[in-house]
There are 2 protein chains.
Amino acid sequence: MSKKNILRVIKIGGHILDDPMRLSKFLSAFAQLPDAKILVHGGGKLATQLANELGVPQTMIDGRRVTDAETLRIAVMVYAGWINKQLVAQLSALGCPALGVCGADGDVLRAHKRVHPTIDFGWVGDIDLVNTTILDSWLGRGLIPVVAPITHDGQGQLLNTNADTIAREIAQALSKAFHVELIFGFEKSGVLMDMDDPDSSIDLLNLAKYKTLKAQSLISDGMIPKLDNAFGALEKGVRRVVVGQAELLTELLAGTVGTTIVL
Amino acid sequence: MSKKNILRVIKIGGHILDDPMRLSKFLSAFAQLPDAKILVHGGGKLATQLANELGVPQTMIDGRRVTDAETLRIAVMVYAGWINKQLVAQLSALGCPALGVCGADGDVLRAHKRVHPTIDFGWVGDIDLVNTTILDSWLGRGLIPVVAPITHDGQGQLLNTNADTIAREIAQALSKAFHVELIFGFEKSGVLMDMDDPDSSIDLLNLAKYKTLKAQSLISDGMIPKLDNAFGALEKGVRRVVVGQAELLTELLAGTVGTTIVL
């Protein structure tokens with residue numbers, strides 16, 4: 001078997017999108033990465049702010065936003081519009097030829113409206129298909145995909161989709177062709193042993209330890225879906241998952257900061 | 001010289017984007033066009049509506065929107081976000097593999113902030129460069145570019161740019177490699193001889209007649225920049241320009257409706 005090329009799938013979300021200094025530091029490091037790379041971004045505070053300004057009430061269930069028609073419009077405008085195009089313009093200025101897409105572009109992420117026995121999440125999509133052919137062709141032309149957390153159902157309907165899940169699904173799908181490293185960048189220094197101590201991040205978390213910590217309620221609620229995505233990705237062929245502060249991307253990849261997730 | 005392949009650059013704007021029935025009719029016809037094609041879209045009423053809802057006052061000078069920072073954010077959200085992604089999702093549902101882009105994506109449209117001796121138009125961009133290489137590569141892969149009227153300056157700044165001008169610049173730039181037909185689709189049946197009579201459109205308008213009509217103030221103010229773009233494109237190698245109702249795309253291309261512009 002020939003040696004696979006490295007591909008980094010890097011997800012950023014949360015506070016970094018609202019903090020120009022940290023974002024700029026992250027983008028400089030991202031632009032300089034020599035290997036193939038894909039950026040997946042979440043939303044930051046802007047969608048909530050816009051919903052407030054427009055008087056569109058927001059409902060959260062289990063940490064997930066319920067997406068009515070107005071909220072979908074806001075999500076598409078903010079995620080696939082403002083945030084995505086700002087990131088693309090800034091990367092382009094750094095000499096990094098970026099291509100901002102949502103799941104409908106090139107049919108890159110096909111999803112279906114979430115089916116749930118008791119809760120109607122609205123226009124939320126669960127991913128069915130990652131179009132690796134089109135991603136490959138963009139990467140092959142030297143374009144860096146910048147993916148907004150919006151998918152489509154192939155019938156003309158846009159859907160709101162969790163950015164961590166998108167990063168995981170893309171990483172998994174491309175792990176047949178690439179040696180994939182998946183980085184979840186956010187505002188914390190990694191997986192914290194003590195939620196009140198930002199310096200308590202652990203270097204390494206394996207599945208057995210994760211289960212123990214979860215049983216002891218030592219993993220924060222917001223962290224659980226991220227770590228479930230991390231372990232799921234490793235089980236599906238992703239070679240390495242690291243969680244930590246996005247703007248320390250170089251150090252995260254070097255393994256000197258953040259939490260490395262292993263099976 | 002070998003025979004060039006046909007490429008249609010089709011611009012839609014105005015009322016059709018606010019009218020789901022007419023839009024759907026247009027998109028069906030567009031999806032069925034057999035040759036290479038690029039869709040360029042404007043904004044419709046949504047940007048103005050959103051500006052009103054958010055209390056951002058809008059200033060128009062000579063029919064052009066002055067783009068302050070808040071208005072730019074609205075334009076990017078509405079044009080490159082909601083409208084662009086809705087069009088892409090609907091085209092995808094029609095079996096037409098669309099790729100929604102603004103000028104920053106793949107550095108496809110590079111512009112500079114407008115310099116004007118007396119008026120500050122704000123974050124408005126005038127186009128310097130159309131990246132024909134990247135457009136060619138997307139077309140070559142069977143992707144249909146759907147272009148939002150937002151450009152960038154290559155330094156990280158997004159800019160608001162007139163969609164008619166974008167359509168013209170793309171059409172001109174690709175006319176070296178393709179036999180380009182440029183269609184300006186809007187709500188009127190063509191160039192009207194009597195502005196109050198929607199059935200008064202003329203079949204053919206040449207430059208001499210245009211100059212005469214303009215001198216007699218028989219061309220509406222809103223039509224003048226569109227026709228200047230049309231004649232400019234013909235002078236720069238575009239083979240055919242037709243102006244008319246967007247939803248009658250098939251008939252416009254057949255030459256049975258609309259106004260054909262010739263030098």
# chains A, B, ... in the order shown; residues from 1 in each chain; ligands from 1
call {"tool": "interface_residues", "arguments": {"of": "chain B", "to": "chain A", "cutoff": "7 Å", "atoms": "only C-alpha atoms", "output": "list in words"}}
result
Glu53, Leu54, Arg73, Val76, Met77, Val78, Ala80, Gly81, Trp82, Val88, Ala89, Gln90, Ser92, Ala93, Pro97, Ala98, Leu99, Gly100, Ala104, Asp105, Gly106, Asp107, Leu143, His152, Gly154, Gln155, Gly156, Gln157 and Leu158 of chain B
call {"tool": "calpha_fit_and_write", "arguments": {"fixed": "chain A", "moving": "chain B", "output": "PDB file with C-alpha atoms, in the first residue's frame"}}
result
ATOM      1  CA  MET B   1       0.042   0.010   0.073  1.00  0.00           C
ATOM      2  CA  SER B   2       1.369   3.390  -0.928  1.00  0.00           C
ATOM      3  CA  LYS B   3       1.874   6.034   1.720  1.00  0.00           C
ATOM      4  CA  LYS B   4      -1.135   8.324   1.972  1.00  0.00           C
ATOM      5  CA  ASN B   5      -0.845  12.088   1.813  1.00  0.00           C
ATOM      6  CA  ILE B   6      -1.694  14.064   4.929  1.00  0.00           C
ATOM      7  CA  LEU B   7      -4.994  15.961   5.038  1.00  0.00           C
ATOM      8  CA  ARG B   8      -5.979  18.183   7.943  1.00  0.00           C
ATOM      9  CA  VAL B   9      -9.646  18.826   8.645  1.00  0.00           C
ATOM     10  CA  ILE B  10      -9.771  21.732  11.054  1.00  0.00           C
ATOM     11  CA  LYS B  11     -12.920  22.918  12.739  1.00  0.00           C
ATOM     12  CA  ILE B  12     -13.202  26.301  14.414  1.00  0.00           C
ATOM     13  CA  GLY B  13     -16.139  27.637  16.317  1.00  0.00           C
ATOM     14  CA  GLY B  14     -17.225  29.487  19.393  1.00  0.00           C
ATOM     15  CA  HIS B  15     -15.406  32.538  20.652  1.00  0.00           C
ATOM     16  CA  ILE B  16     -12.595  32.599  18.100  1.00  0.00           C
ATOM     17  CA  LEU B  17     -15.022  33.712  15.371  1.00  0.00           C
ATOM     18  CA  ASP B  18     -15.994  36.699  17.513  1.00  0.00           C
ATOM     19  CA  ASP B  19     -12.393  37.693  18.353  1.00  0.00           C
ATOM     20  CA  PRO B  20     -10.543  39.287  15.386  1.00  0.00           C
ATOM     21  CA  MET B  21      -7.087  39.014  17.032  1.00  0.00           C
ATOM     22  CA  ARG B  22      -7.358  35.306  17.822  1.00  0.00           C
ATOM     23  CA  LEU B  23      -9.006  34.617  14.475  1.00  0.00           C
ATOM     24  CA  SER B  24      -6.221  36.393  12.633  1.00  0.00           C
ATOM     25  CA  LYS B  25      -3.588  34.380  14.523  1.00  0.00           C
ATOM     26  CA  PHE B  26      -5.401  31.160  13.654  1.00  0.00           C
ATOM     27  CA  LEU B  27      -5.802  32.059   9.969  1.00  0.00           C
ATOM     28  CA  SER B  28      -2.085  32.887   9.628  1.00  0.00           C
ATOM     29  CA  ALA B  29      -1.144  29.494  11.038  1.00  0.00           C
ATOM     30  CA  PHE B  30      -3.779  27.754   8.911  1.00  0.00           C
ATOM     31  CA  ALA B  31      -2.638  29.495   5.711  1.00  0.00           C
ATOM     32  CA  GLN B  32       0.942  28.339   6.322  1.00  0.00           C
ATOM     33  CA  LEU B  33       0.142  24.631   6.751  1.00  0.00           C
ATOM     34  CA  PRO B  34       1.947  22.859   3.930  1.00  0.00           C
ATOM     35  CA  ASP B  35      -0.383  19.889   3.436  1.00  0.00           C
ATOM     36  CA  ALA B  36      -3.898  19.515   2.077  1.00  0.00           C
ATOM     37  CA  LYS B  37      -6.444  21.095   4.407  1.00  0.00           C
ATOM     38  CA  ILE B  38     -10.130  21.824   4.850  1.00  0.00           C
ATOM     39  CA  LEU B  39     -11.587  24.410   7.215  1.00  0.00           C
ATOM     40  CA  VAL B  40     -15.009  23.826   8.781  1.00  0.00           C
ATOM     41  CA  HIS B  41     -16.517  26.676  10.780  1.00  0.00           C
ATOM     42  CA  GLY B  42     -19.371  27.182  13.184  1.00  0.00           C
ATOM     43  CA  GLY B  43     -21.304  30.293  13.960  1.00  0.00           C
ATOM     44  CA  GLY B  44     -20.165  32.326  16.941  1.00  0.00           C
ATOM     45  CA  LYS B  45     -22.437  34.832  18.599  1.00  0.00           C
ATOM     46  CA  LEU B  46     -23.529  36.626  15.426  1.00  0.00           C
ATOM     47  CA  ALA B  47     -26.502  34.373  14.599  1.00  0.00           C
ATOM     48  CA  THR B  48     -27.945  34.782  18.095  1.00  0.00           C
ATOM     49  CA  GLN B  49     -27.297  38.531  17.967  1.00  0.00           C
ATOM     50  CA  LEU B  50     -29.054  38.850  14.612  1.00  0.00           C
ATOM     51  CA  ALA B  51     -31.992  36.743  15.838  1.00  0.00           C
ATOM     52  CA  ASN B  52     -32.301  39.083  18.834  1.00  0.00           C
ATOM     53  CA  GLU B  53     -32.133  42.186  16.640  1.00  0.00           C
ATOM     54  CA  LEU B  54     -34.830  40.750  14.376  1.00  0.00           C
ATOM     55  CA  GLY B  55     -36.967  39.589  17.302  1.00  0.00           C
ATOM     56  CA  VAL B  56     -36.817  35.916  16.302  1.00  0.00           C
ATOM     57  CA  PRO B  57     -36.998  33.867  19.538  1.00  0.00           C
ATOM     58  CA  GLN B  58     -34.392  31.088  19.763  1.00  0.00           C
ATOM     59  CA  THR B  59     -35.125  27.702  21.355  1.00  0.00           C
ATOM     60  CA  MET B  60     -32.349  25.352  22.447  1.00  0.00           C
ATOM     61  CA  ILE B  61     -32.974  21.660  23.214  1.00  0.00           C
ATOM     62  CA  ASP B  62     -30.035  19.595  24.547  1.00  0.00           C
ATOM     63  CA  GLY B  63     -27.653  22.318  23.393  1.00  0.00           C
ATOM     64  CA  ARG B  64     -29.028  22.206  19.831  1.00  0.00           C
ATOM     65  CA  ARG B  65     -30.758  25.162  18.235  1.00  0.00           C
ATOM     66  CA  VAL B  66     -34.303  24.476  17.031  1.00  0.00           C
ATOM     67  CA  THR B  67     -34.396  25.794  13.478  1.00  0.00           C
ATOM     68  CA  ASP B  68     -37.688  27.299  12.347  1.00  0.00           C
ATOM     69  CA  ALA B  69     -37.908  28.948   8.903  1.00  0.00           C
ATOM     70  CA  GLU B  70     -36.750  32.356  10.148  1.00  0.00           C
ATOM     71  CA  THR B  71     -33.886  30.849  12.124  1.00  0.00           C
ATOM     72  CA  LEU B  72     -32.778  28.883   9.063  1.00  0.00           C
ATOM     73  CA  ARG B  73     -32.689  32.109   7.033  1.00  0.00           C
ATOM     74  CA  ILE B  74     -30.579  33.730   9.758  1.00  0.00           C
ATOM     75  CA  ALA B  75     -28.247  30.710   9.939  1.00  0.00           C
ATOM     76  CA  VAL B  76     -27.722  30.646   6.169  1.00  0.00           C
ATOM     77  CA  MET B  77     -27.119  34.412   6.037  1.00  0.00           C
ATOM     78  CA  VAL B  78     -24.675  34.441   8.935  1.00  0.00           C
ATOM     79  CA  TYR B  79     -22.860  31.112   8.460  1.00  0.00           C
ATOM     80  CA  ALA B  80     -22.808  30.660   4.660  1.00  0.00           C
ATOM     81  CA  GLY B  81     -22.833  34.432   4.037  1.00  0.00           C
ATOM     82  CA  TRP B  82     -21.002  36.759   6.387  1.00  0.00           C
ATOM     83  CA  ILE B  83     -18.729  34.375   8.317  1.00  0.00           C
ATOM     84  CA  ASN B  84     -17.878  32.121   5.372  1.00  0.00           C
ATOM     85  CA  LYS B  85     -17.056  34.963   2.969  1.00  0.00           C
ATOM     86  CA  GLN B  86     -15.068  36.897   5.577  1.00  0.00           C
ATOM     87  CA  LEU B  87     -12.939  33.794   6.213  1.00  0.00           C
ATOM     88  CA  VAL B  88     -12.448  33.237   2.476  1.00  0.00           C
ATOM     89  CA  ALA B  89     -11.451  36.872   1.830  1.00  0.00           C
ATOM     90  CA  GLN B  90      -8.989  36.831   4.743  1.00  0.00           C
ATOM     91  CA  LEU B  91      -7.438  33.526   3.660  1.00  0.00           C
ATOM     92  CA  SER B  92      -7.121  34.810   0.116  1.00  0.00           C
ATOM     93  CA  ALA B  93      -5.257  37.865   1.445  1.00  0.00           C
ATOM     94  CA  LEU B  94      -2.863  35.426   3.161  1.00  0.00           C
ATOM     95  CA  GLY B  95      -2.117  33.748  -0.169  1.00  0.00           C
ATOM     96  CA  CYS B  96      -4.360  30.790   0.595  1.00  0.00           C
ATOM     97  CA  PRO B  97      -6.797  30.233  -2.314  1.00  0.00           C
ATOM     98  CA  ALA B  98      -9.991  29.424  -0.446  1.00  0.00           C
ATOM     99  CA  LEU B  99     -13.352  28.248  -1.748  1.00  0.00           C
ATOM    100  CA  GLY B 100     -16.267  28.915   0.589  1.00  0.00           C
ATOM    101  CA  VAL B 101     -19.040  26.374   0.321  1.00  0.00           C
ATOM    102  CA  CYS B 102     -22.113  25.066   2.062  1.00  0.00           C
ATOM    103  CA  GLY B 103     -23.340  21.519   1.556  1.00  0.00           C
ATOM    104  CA  ALA B 104     -25.446  22.452  -1.485  1.00  0.00           C
ATOM    105  CA  ASP B 105     -22.421  23.755  -3.422  1.00  0.00           C
ATOM    106  CA  GLY B 106     -21.226  21.002  -5.719  1.00  0.00           C
ATOM    107  CA  ASP B 107     -23.652  18.782  -3.751  1.00  0.00           C
ATOM    108  CA  VAL B 108     -20.808  18.313  -1.293  1.00  0.00           C
ATOM    109  CA  LEU B 109     -22.912  17.435   1.793  1.00  0.00           C
ATOM    110  CA  ARG B 110     -26.256  15.751   1.320  1.00  0.00           C
ATOM    111  CA  ALA B 111     -28.474  15.435   4.411  1.00  0.00           C
ATOM    112  CA  HIS B 112     -32.026  14.663   5.497  1.00  0.00           C
ATOM    113  CA  LYS B 113     -34.270  16.580   7.868  1.00  0.00           C
ATOM    114  CA  ARG B 114     -33.757  15.145  11.340  1.00  0.00           C
ATOM    115  CA  VAL B 115     -36.280  12.508  12.370  1.00  0.00           C
ATOM    116  CA  HIS B 116     -36.759  12.378  16.139  1.00  0.00           C
ATOM    117  CA  PRO B 117     -39.438  10.424  18.019  1.00  0.00           C
ATOM    118  CA  THR B 118     -40.504  13.290  20.283  1.00  0.00           C
ATOM    119  CA  ILE B 119     -38.713  16.541  19.382  1.00  0.00           C
ATOM    120  CA  ASP B 120     -39.169  18.578  16.201  1.00  0.00           C
ATOM    121  CA  PHE B 121     -35.785  20.232  15.657  1.00  0.00           C
ATOM    122  CA  GLY B 122     -37.106  22.019  12.571  1.00  0.00           C
ATOM    123  CA  TRP B 123     -34.803  22.532   9.586  1.00  0.00           C
ATOM    124  CA  VAL B 124     -31.892  20.577  11.039  1.00  0.00           C
ATOM    125  CA  GLY B 125     -30.050  18.145   8.797  1.00  0.00           C
ATOM    126  CA  ASP B 126     -28.302  14.852   9.527  1.00  0.00           C
ATOM    127  CA  ILE B 127     -25.664  14.000   6.939  1.00  0.00           C
ATOM    128  CA  ASP B 128     -26.148  11.089   4.535  1.00  0.00           C
ATOM    129  CA  LEU B 129     -23.378  11.639   2.013  1.00  0.00           C
ATOM    130  CA  VAL B 130     -20.042  13.421   1.692  1.00  0.00           C
ATOM    131  CA  ASN B 131     -19.095  14.022  -1.953  1.00  0.00           C
ATOM    132  CA  THR B 132     -15.429  13.034  -1.783  1.00  0.00           C
ATOM    133  CA  THR B 133     -15.037  13.285  -5.572  1.00  0.00           C
ATOM    134  CA  ILE B 134     -15.762  17.008  -5.599  1.00  0.00           C
ATOM    135  CA  LEU B 135     -13.644  17.639  -2.484  1.00  0.00           C
ATOM    136  CA  ASP B 136     -10.777  15.759  -4.148  1.00  0.00           C
ATOM    137  CA  SER B 137     -11.102  17.822  -7.309  1.00  0.00           C
ATOM    138  CA  TRP B 138     -11.010  21.106  -5.368  1.00  0.00           C
ATOM    139  CA  LEU B 139      -8.023  19.947  -3.301  1.00  0.00           C
ATOM    140  CA  GLY B 140      -6.336  18.737  -6.481  1.00  0.00           C
ATOM    141  CA  ARG B 141      -6.623  22.215  -7.964  1.00  0.00           C
ATOM    142  CA  GLY B 142      -5.066  23.735  -4.828  1.00  0.00           C
ATOM    143  CA  LEU B 143      -8.349  25.194  -3.579  1.00  0.00           C
ATOM    144  CA  ILE B 144      -8.902  25.120   0.188  1.00  0.00           C
ATOM    145  CA  PRO B 145     -12.529  24.281   0.992  1.00  0.00           C
ATOM    146  CA  VAL B 146     -14.022  26.474   3.732  1.00  0.00           C
ATOM    147  CA  VAL B 147     -17.229  24.740   4.789  1.00  0.00           C
ATOM    148  CA  ALA B 148     -20.190  26.505   6.414  1.00  0.00           C
ATOM    149  CA  PRO B 149     -22.472  24.418   8.685  1.00  0.00           C
ATOM    150  CA  ILE B 150     -25.386  24.346   6.235  1.00  0.00           C
ATOM    151  CA  THR B 151     -26.333  21.253   4.216  1.00  0.00           C
ATOM    152  CA  HIS B 152     -29.133  20.449   1.755  1.00  0.00           C
ATOM    153  CA  ASP B 153     -31.493  17.552   1.126  1.00  0.00           C
ATOM    154  CA  GLY B 154     -31.113  17.379  -2.663  1.00  0.00           C
ATOM    155  CA  GLN B 155     -34.753  18.491  -3.054  1.00  0.00           C
ATOM    156  CA  GLY B 156     -34.035  22.208  -2.748  1.00  0.00           C
ATOM    157  CA  GLN B 157     -34.198  22.480   1.033  1.00  0.00           C
ATOM    158  CA  LEU B 158     -31.275  23.967   2.989  1.00  0.00           C
ATOM    159  CA  LEU B 159     -30.670  22.509   6.453  1.00  0.00           C
ATOM    160  CA  ASN B 160     -28.811  23.649   9.564  1.00  0.00           C
ATOM    161  CA  THR B 161     -26.152  21.119  10.589  1.00  0.00           C
ATOM    162  CA  ASN B 162     -23.735  20.961  13.508  1.00  0.00           C
ATOM    163  CA  ALA B 163     -20.220  21.995  12.431  1.00  0.00           C
ATOM    164  CA  ASP B 164     -18.425  19.423  14.617  1.00  0.00           C
ATOM    165  CA  THR B 165     -20.442  16.686  12.924  1.00  0.00           C
ATOM    166  CA  ILE B 166     -19.643  18.077   9.472  1.00  0.00           C
ATOM    167  CA  ALA B 167     -15.915  18.103  10.301  1.00  0.00           C
ATOM    168  CA  ARG B 168     -16.127  14.521  11.545  1.00  0.00           C
ATOM    169  CA  GLU B 169     -18.088  13.272   8.510  1.00  0.00           C
ATOM    170  CA  ILE B 170     -15.690  14.945   6.064  1.00  0.00           C
ATOM    171  CA  ALA B 171     -12.669  13.591   7.957  1.00  0.00           C
ATOM    172  CA  GLN B 172     -14.089  10.057   7.971  1.00  0.00           C
ATOM    173  CA  ALA B 173     -15.094  10.119   4.318  1.00  0.00           C
ATOM    174  CA  LEU B 174     -11.642  11.261   3.198  1.00  0.00           C
ATOM    175  CA  SER B 175      -9.737   8.836   5.426  1.00  0.00           C
ATOM    176  CA  LYS B 176      -9.826   6.156   2.734  1.00  0.00           C
ATOM    177  CA  ALA B 177      -7.714   8.342   0.432  1.00  0.00           C
ATOM    178  CA  PHE B 178      -5.738  10.423   2.946  1.00  0.00           C
ATOM    179  CA  HIS B 179      -3.961  10.164   6.276  1.00  0.00           C
ATOM    180  CA  VAL B 180      -6.498  12.436   7.997  1.00  0.00           C
ATOM    181  CA  GLU B 181      -5.879  14.503  11.110  1.00  0.00           C
ATOM    182  CA  LEU B 182      -8.956  16.099  12.649  1.00  0.00           C
ATOM    183  CA  ILE B 183      -8.549  19.182  14.828  1.00  0.00           C
ATOM    184  CA  PHE B 184     -11.382  20.587  16.924  1.00  0.00           C
ATOM    185  CA  GLY B 185     -10.311  24.147  17.708  1.00  0.00           C
ATOM    186  CA  PHE B 186     -12.241  26.137  20.280  1.00  0.00           C
ATOM    187  CA  GLU B 187     -11.659  28.521  23.190  1.00  0.00           C
ATOM    188  CA  LYS B 188     -10.520  25.991  25.811  1.00  0.00           C
ATOM    189  CA  SER B 189      -7.016  24.570  26.113  1.00  0.00           C
ATOM    190  CA  GLY B 190      -8.301  21.017  25.671  1.00  0.00           C
ATOM    191  CA  VAL B 191     -10.332  18.490  27.648  1.00  0.00           C
ATOM    192  CA  LEU B 192     -10.289  19.871  31.190  1.00  0.00           C
ATOM    193  CA  MET B 193     -10.023  17.693  34.299  1.00  0.00           C
ATOM    194  CA  ASP B 194     -11.479  20.534  36.325  1.00  0.00           C
ATOM    195  CA  MET B 195     -14.039  22.609  34.425  1.00  0.00           C
ATOM    196  CA  ASP B 196     -13.229  25.653  36.570  1.00  0.00           C
ATOM    197  CA  ASP B 197      -9.495  25.486  35.894  1.00  0.00           C
ATOM    198  CA  PRO B 198      -8.545  26.444  32.323  1.00  0.00           C
ATOM    199  CA  ASP B 199      -5.047  25.021  32.882  1.00  0.00           C
ATOM    200  CA  SER B 200      -6.271  21.537  33.814  1.00  0.00           C
ATOM    201  CA  SER B 201      -6.345  20.095  30.301  1.00  0.00           C
ATOM    202  CA  ILE B 202      -5.070  16.545  29.914  1.00  0.00           C
ATOM    203  CA  ASP B 203      -2.563  15.607  27.216  1.00  0.00           C
ATOM    204  CA  LEU B 204      -4.133  12.306  26.255  1.00  0.00           C
ATOM    205  CA  LEU B 205      -7.638  10.892  26.517  1.00  0.00           C
ATOM    206  CA  ASN B 206      -8.466   7.317  25.581  1.00  0.00           C
ATOM    207  CA  LEU B 207     -11.897   5.756  25.275  1.00  0.00           C
ATOM    208  CA  ALA B 208     -11.699   3.859  28.614  1.00  0.00           C
ATOM    209  CA  LYS B 209     -10.738   7.018  30.502  1.00  0.00           C
ATOM    210  CA  TYR B 210     -13.442   9.009  28.688  1.00  0.00           C
ATOM    211  CA  LYS B 211     -16.099   6.511  29.781  1.00  0.00           C
ATOM    212  CA  THR B 212     -14.885   6.676  33.379  1.00  0.00           C
ATOM    213  CA  LEU B 213     -14.818  10.489  33.426  1.00  0.00           C
ATOM    214  CA  LYS B 214     -18.254  10.660  31.806  1.00  0.00           C
ATOM    215  CA  ALA B 215     -19.683   8.238  34.405  1.00  0.00           C
ATOM    216  CA  GLN B 216     -18.255  10.519  37.125  1.00  0.00           C
ATOM    217  CA  SER B 217     -19.879  13.570  35.431  1.00  0.00           C
ATOM    218  CA  LEU B 218     -16.432  15.116  35.006  1.00  0.00           C
ATOM    219  CA  ILE B 219     -16.940  15.878  31.311  1.00  0.00           C
ATOM    220  CA  SER B 220     -18.976  19.031  30.623  1.00  0.00           C
ATOM    221  CA  ASP B 221     -22.256  18.651  28.715  1.00  0.00           C
ATOM    222  CA  GLY B 222     -20.978  20.817  25.835  1.00  0.00           C
ATOM    223  CA  MET B 223     -17.908  18.604  25.478  1.00  0.00           C
ATOM    224  CA  ILE B 224     -19.717  15.269  25.197  1.00  0.00           C
ATOM    225  CA  PRO B 225     -20.956  15.565  21.570  1.00  0.00           C
ATOM    226  CA  LYS B 226     -17.498  16.847  20.534  1.00  0.00           C
ATOM    227  CA  LEU B 227     -15.763  13.865  22.138  1.00  0.00           C
ATOM    228  CA  ASP B 228     -18.344  11.425  20.774  1.00  0.00           C
ATOM    229  CA  ASN B 229     -17.514  12.850  17.334  1.00  0.00           C
ATOM    230  CA  ALA B 230     -13.789  12.489  18.072  1.00  0.00           C
ATOM    231  CA  PHE B 231     -13.952   8.823  19.121  1.00  0.00           C
ATOM    232  CA  GLY B 232     -16.409   8.038  16.311  1.00  0.00           C
ATOM    233  CA  ALA B 233     -13.997   9.511  13.764  1.00  0.00           C
ATOM    234  CA  LEU B 234     -11.079   7.426  15.096  1.00  0.00           C
ATOM    235  CA  GLU B 235     -13.199   4.286  14.854  1.00  0.00           C
ATOM    236  CA  LYS B 236     -13.931   5.146  11.201  1.00  0.00           C
ATOM    237  CA  GLY B 237     -10.328   5.541  10.063  1.00  0.00           C
ATOM    238  CA  VAL B 238      -9.294   9.074  11.052  1.00  0.00           C
ATOM    239  CA  ARG B 239      -5.679   8.796  12.222  1.00  0.00           C
ATOM    240  CA  ARG B 240      -5.467  11.489  14.837  1.00  0.00           C
ATOM    241  CA  VAL B 241      -7.853  13.814  16.674  1.00  0.00           C
ATOM    242  CA  VAL B 242      -6.692  16.810  18.726  1.00  0.00           C
ATOM    243  CA  VAL B 243      -8.875  19.182  20.738  1.00  0.00           C
ATOM    244  CA  GLY B 244      -7.627  22.588  21.907  1.00  0.00           C
ATOM    245  CA  GLN B 245      -7.287  26.318  21.385  1.00  0.00           C
ATOM    246  CA  ALA B 246      -7.717  27.108  17.710  1.00  0.00           C
ATOM    247  CA  GLU B 247      -5.209  29.967  17.620  1.00  0.00           C
ATOM    248  CA  LEU B 248      -2.479  27.590  18.831  1.00  0.00           C
ATOM    249  CA  LEU B 249      -2.887  25.504  15.674  1.00  0.00           C
ATOM    250  CA  THR B 250       0.832  24.998  15.090  1.00  0.00           C
ATOM    251  CA  GLU B 251       1.349  23.785  18.662  1.00  0.00           C
ATOM    252  CA  LEU B 252      -1.760  21.578  18.499  1.00  0.00           C
ATOM    253  CA  LEU B 253      -0.378  19.875  15.402  1.00  0.00           C
ATOM    254  CA  ALA B 254       3.045  19.537  17.045  1.00  0.00           C
ATOM    255  CA  GLY B 255       1.328  17.896  20.019  1.00  0.00           C
ATOM    256  CA  THR B 256       2.749  20.367  22.563  1.00  0.00           C
ATOM    257  CA  VAL B 257      -0.653  21.728  23.610  1.00  0.00           C
ATOM    258  CA  GLY B 258      -4.248  20.449  23.587  1.00  0.00           C
ATOM    259  CA  THR B 259      -5.687  17.013  24.230  1.00  0.00           C
ATOM    260  CA  THR B 260      -4.956  14.169  21.857  1.00  0.00           C
ATOM    261  CA  ILE B 261      -7.810  11.686  21.609  1.00  0.00           C
ATOM    262  CA  VAL B 262      -6.934   8.022  21.133  1.00  0.00           C
ATOM    263  CA  LEU B 263      -8.986   4.838  21.100  1.00  0.00           C
TER     264      LEU B 263
END
call {"tool": "select_by_dssp", "arguments": {"residues": "segment 20-260 of chain B", "states": "strand (DSSP E or B)", "output": "JSON, numbers by chain"}}
result
{"B": [36, 37, 38, 39, 40, 41, 60, 61, 64, 65, 67, 98, 99, 100, 101, 109, 110, 111, 112, 113, 122, 124, 125, 126, 127, 128, 129, 130, 144, 145, 146, 147, 150, 151, 152, 158, 159, 160, 179, 180, 181, 182, 183, 184, 185, 186, 192, 201, 204, 205, 206, 240, 241, 242, 243, 244, 245, 259, 260]}
